[in-house]
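Trainee: First the structure, which I've put down as structure tokens, then a few questions once you've had a look.
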Amino acid sequence: MKPFSLLKTLTARQTVLTTDNYKNMNNTPIVETENLSKWYGEVMGVNDVTLTIHPGIIGLLGPNGAGKTSLIKLMTGQLKPNQGEVKVLNQPVWNNPGLTRRVGYCPDIELAYQFMSGLEFVTFFATLSGYDKTEVESRTLQSLETVDMLSAKDRPIGSYSKGMRQRIKLAQALVHEPELLFLDEPLTGLDPNGRRHVLALLKDLADTGISIIVSSHILYEIEALTETILLIHQGRILAEGTISDIRELIDEHPHKVYLSTDEPRRLAQVCLPFPDILSVTFVNNASETDESGDIVIETAKPDAFYARLPEILIENELNVSQLYSPDDNLSSVFKYLVG
């Protein structure tokens, strides 16, 4: 991976923040919406969304067709709301060209500029930002290096792989050093190495003070990037906050925990008397021999279960070699919320 030249430039230009200024910056919303709605004929794209987003990396998560792209286009001023208001960086978005100098946008659509080289494409957007020729050249090369596309800069975009197209779109979004990045499905089409590169890049950009709103339907990838998320479905925000905050909203749903132990029947007997334990299921005929095997415990209060489990194991001299829960992830949380 090449060094992030643009990141170095961004860091060098940072103003040293006092503790009070840093707190004030973090308390100032980067996006505010109130009763925001957008519809297309009889189809509702965004449905009465009121939210406040603070600086950092924010994941906008939901399945395809949930309204992620419509919401981002409203936030970037590409769509006019049918109802409600949206402010970005404390400014109204609609018909505000000056705001585009402070915001970067990486769309989810395939690029239309197939005939351009990567260099020409990023240069074009740098020129639109109003820089002189020398600065356009400097910024373009820095941005291409940041996304590791210098070696392919002279090739036509039509010859790029899907992953390369994602990175060249990201390069144009970064070329004017925005304060806020909107990235619509930026990980689509990337191979594992490309995904790691982009995720690491986004974290480094956030460390320089850039806020990032990134949409995805691939929940586990955003889970690795940030804990601050918005879950959207059918144009509505279902939940917002950290993963643990949202997990607390669905404690009424059964929570499954898989445990591997050398005494599955005895572990089951110890756990069953607690009122929050809903059921115990033996896996691989573990109950027949009481030899090493797996059990699945369903609990209505996962935090309480995890808190007392170490004490139970010690008091009863029980060994657990493996413990995991398929419900401790965003996919499960989303499934519960839309179910």
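Ordering of the structure tokens sets the chain letters (A, B, ...), residue numbers begin anew at 1 in every chain, and ligands are numbered from 1 in the order given.
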Would you please give, as JSON, numbers by chain, all residues of range 74-266 of chain A that DSSP assigns to helix (DSSP H, G or I) based on the backbone?
Mentor: {"A": [74, 75, 97, 98, 99, 100, 101, 102, 118, 119, 120, 121, 122, 123, 124, 125, 126, 127, 128, 133, 134, 135, 136, 137, 138, 139, 140, 141, 142, 143, 144, 145, 146, 150, 151, 152, 157, 158, 159, 162, 163, 164, 165, 166, 167, 168, 169, 170, 171, 172, 173, 174, 192, 193, 194, 195, 196, 197, 198, 199, 200, 201, 202, 203, 204, 205, 206, 207, 219, 220, 221, 222, 223, 243, 244, 245, 246, 247, 248, 264, 265, 266]}
Trainee: Considering only C-alpha atoms, return as a list in words whatever protein or nucleic-acid residues lie within 7 Å of range 208-223 of chain A, sequence-local ones (same chain, fewer than 6 positions apart) excluded.
Mentor: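 These residues fall inside the cut-off: Leu10, Thr11, Pro55, Gly56, Ile57, Ile58, Gly59, Leu60, Leu61, Gly62, Pro63, Asn64, Lys68, Glu179, Leu180, Leu181, Phe182, Leu183, Asp184, Glu185, Leu330 and Ser331 of chain A.
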Trainee: Using only C-alpha atoms, find each residue of range 152-249 of chain A with at least one atom at most 9 Å away from an atom of range 124-146 of chain A; report its shortest atom-to-atom pair and that distance in Å (one decimal), sort the rows by chain and rising residue number, and return the result as CSV.
Mentor:
```
residue,atom,partner,partner_atom,distance
A:Lys153,CA,A:Leu144,CA,7.5
A:Arg167,CA,A:Leu144,CA,8.6
A:Ile168,CA,A:Leu144,CA,7.4
A:Leu170,CA,A:Ser143,CA,8.6
A:Ala171,CA,A:Ser143,CA,5.2
A:Gln172,CA,A:Phe125,CA,6.2
A:Ala173,CA,A:Phe125,CA,8.5
A:Leu174,CA,A:Ser143,CA,6.3
A:Val175,CA,A:Ser143,CA,5.5
A:His176,CA,A:Ala126,CA,6.6
A:Glu177,CA,A:Arg139,CA,8.9
A:Leu201,CA,A:Thr146,CA,8.0
```
Trainee: Give me, as a PyMOL selection string, all polymer residues having an atom no more than 10 Å from range 36-41 of chain A, counting only C-alpha atoms and skipping those fewer than 5 positions away in the same chain.
Mentor: chain A and resi 46-51+67+70-71+74+79-86+235-236
Trainee: In Å, with one decimal, what is the gap from CA of Pro264 in chain A to CA of Asp294 in chain A?
Mentor: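 For CA of Pro264 in chain A relative to CA of Asp294 in chain A, the distance reads 6.7 Å.
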Trainee: What does the structure give for the distance between CA of Gly104 in chain A and CA of Pro178 in chain A, in Å to one decimal?
Mentor: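 Distance reported for this atom pair: 5.5 Å.
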Trainee: From a DSSP calculation on the backbone, collect every residue of range 72-302 of chain A in strand (DSSP E or B) and output the set as a PyMOL selection string.
Mentor: chain A and resi 83-88+91-92+103-106+117+156+180-184+211-216+228-233+236-242+255-261+277-283+293-299
Trainee: Extract, using only C-alpha atoms, all DNA, RNA and protein residues at most 9 Å from Glu110 in chain A, discarding same-chain residues fewer than 4 positions from it, and format them as a ChimeraX atom specification.
Mentor: /A:162,165-166
Trainee: Considering only C-alpha atoms, return as a count of residues only whatever protein or nucleic-acid residues lie within 10 Å of range 195-200 of chain A, sequence-local ones (same chain, fewer than 3 positions apart) excluded.
Mentor: 23
Trainee: Compare A:Glu120, A:Glu317, A:Asp108, A:Glu240 by their minimum atom-to-atom distance to Glu263 in chain A, counting only C-alpha atoms, and give me the closest one.
Mentor: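 Distance minimum relative to Glu263 in chain A lands on A:Glu317.
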